[in-house]
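Beneath this line is the structure, given in structure tokens, with notes to follow.
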Amino acid sequence: MSFTDSTDSGSDRPVSVLWGCELSSARSSCTFQVTEDWHCEQQLVLRTVCLGEAARDEFHVLEVVAEDGDSRAPVPLATLKPSVLPTASLAGVELTPPVTFRLRAGSGPLFVSGQHVSIMDLTSEEEEEEEEEAAEEAPKKPPKGSGAQKGSTAKKRKREKEEEPNSLAPAGPPPAKGRGAGRGRKAAAKK
């Protein structure tokens, strides 16, 4: 069973396929590798390790051997026991193939699951060349006339804004405070 998830982000398109293997005393190792025909970035993102229902109540140790260059030291990933910890989440474990998983201790069955992620470059060499040519032909500076027009338009708008009366501000002086002020009466003239 496989599940494919894809997301388009510009020229790179990640494609994700569900991956898994079963390890037991009959088959104690499994290697994840991709063919050399694939000219894209490959990752194996681990999700879970769990014991099968037929696993004995003993410690099961899963180790991984990354086969990049000369360093082939095994690294233990999980130690599971059905009565204590039958499953473990391996969030954040990302491996670059080829990678070998081994059941170091225990008889299994032990299941390893994750996602095989490929980042495929969708742009061809011809498209890249066309984009480069278009970038070279495009003018780097705007025409001289367009800059002058933008400046004069901005100045004109600023002047219009300054000339507009503020509709929220009162037309005359603020009303006088005190007794009777603002009620429609005129102040009595002092003698």
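We name chains A, B, ... following the order of the structure tokens; residues begin at 1 in each chain, and ligands are numbered from 1 as shown.
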
For Gly114 of chain A: contacts at 6 Å, only C-alpha atoms, fewer than 4 positions along chain excluded, given as an mmCIF file with C-alpha atoms, in the first residue's frame:
data_model
loop_
_atom_site.group_PDB
_atom_site.id
_atom_site.type_symbol
_atom_site.label_atom_id
_atom_site.label_comp_id
_atom_site.auth_asym_id
_atom_site.auth_seq_id
_atom_site.Cartn_x
_atom_site.Cartn_y
_atom_site.Cartn_z
ATOM 1 C CA TRP A 19 7.233 3.505 3.220
ATOM 2 C CA VAL A 45 11.418 10.629 7.207
ATOM 3 C CA LEU A 46 10.708 8.086 9.952
ATOM 4 C CA ARG A 47 7.386 8.178 11.801
#

May I have the residues within 9 Å of Phe32 of chain A as a list in words, using only C-alpha atoms and disregarding those fewer than 6 positions away in the same chain?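 The neighbour list is Leu44, Pro97, Pro98, Val99, Thr100 and Phe101 of chain A.
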
With N, CA, C and O atoms retained, write the just-selected residues as a compact mmCIF listing (two decimals), in the first residue's frame.
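Resulting contents of selection-v6.txt:
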# COMPACT_ATOMS: atom_id res chain seq x y z
N LEU A 44 14.29 9.94 3.74
CA LEU A 44 13.39 9.01 4.41
C LEU A 44 13.09 9.63 5.76
O LEU A 44 13.99 9.80 6.58
N PRO A 97 19.20 8.26 1.95
CA PRO A 97 19.53 6.90 1.53
C PRO A 97 20.94 6.79 0.93
O PRO A 97 21.47 7.79 0.47
N PRO A 98 21.52 5.61 0.96
CA PRO A 98 21.00 4.33 1.44
C PRO A 98 21.15 4.19 2.95
O PRO A 98 22.12 4.65 3.54
N VAL A 99 20.15 3.54 3.57
CA VAL A 99 20.10 3.33 5.01
C VAL A 99 19.66 1.89 5.26
O VAL A 99 18.74 1.41 4.61
N THR A 100 20.31 1.23 6.22
CA THR A 100 19.95 -0.15 6.57
C THR A 100 19.41 -0.19 7.99
O THR A 100 20.03 0.36 8.91
N PHE A 101 18.25 -0.82 8.16
CA PHE A 101 17.65 -1.02 9.48
C PHE A 101 17.91 -2.47 9.89
O PHE A 101 17.76 -3.39 9.08

Would you work out the distance separating atom CA of Leu77 of chain A from atom CA of Ala55 of chain A, expressed in Å to one decimal?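 Calculated distance between atom CA of Leu77 of chain A and atom CA of Ala55 of chain A is 18.2 Å.
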
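Relative to atom CA of Leu85 of chain A, atom CA of Ala66 of chain A is found at 25.3 Å.
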
From the list A:Pro74, A:Gly52, A:Gly92, A:Gly106, which residue is nearest Cys21 of chain A when using only C-alpha atoms?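 Among A:Pro74, A:Gly52, A:Gly92, A:Gly106, it is A:Gly52 that comes nearest to Cys21 of chain A.
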
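Remark: for Ser107 of chain A, the closest of the candidate residues A:Cys30, A:Ala54, A:Leu18, A:Ile119 is A:Ala54 (distances computed over only C-alpha atoms).
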
Applying 10 Å and only C-alpha atoms, which residues near Ala73 of chain A remain after dropping the ones on its own chain fewer than 4 positions away? List them as a PyMOL selection string. chain A and resi 63-67

Quick one: DSSP strand (DSSP E or B) residues in segment 11-48 of chain A, as a VMD selection string? chain A and resid 12 to 23 29 to 32 41 to 48
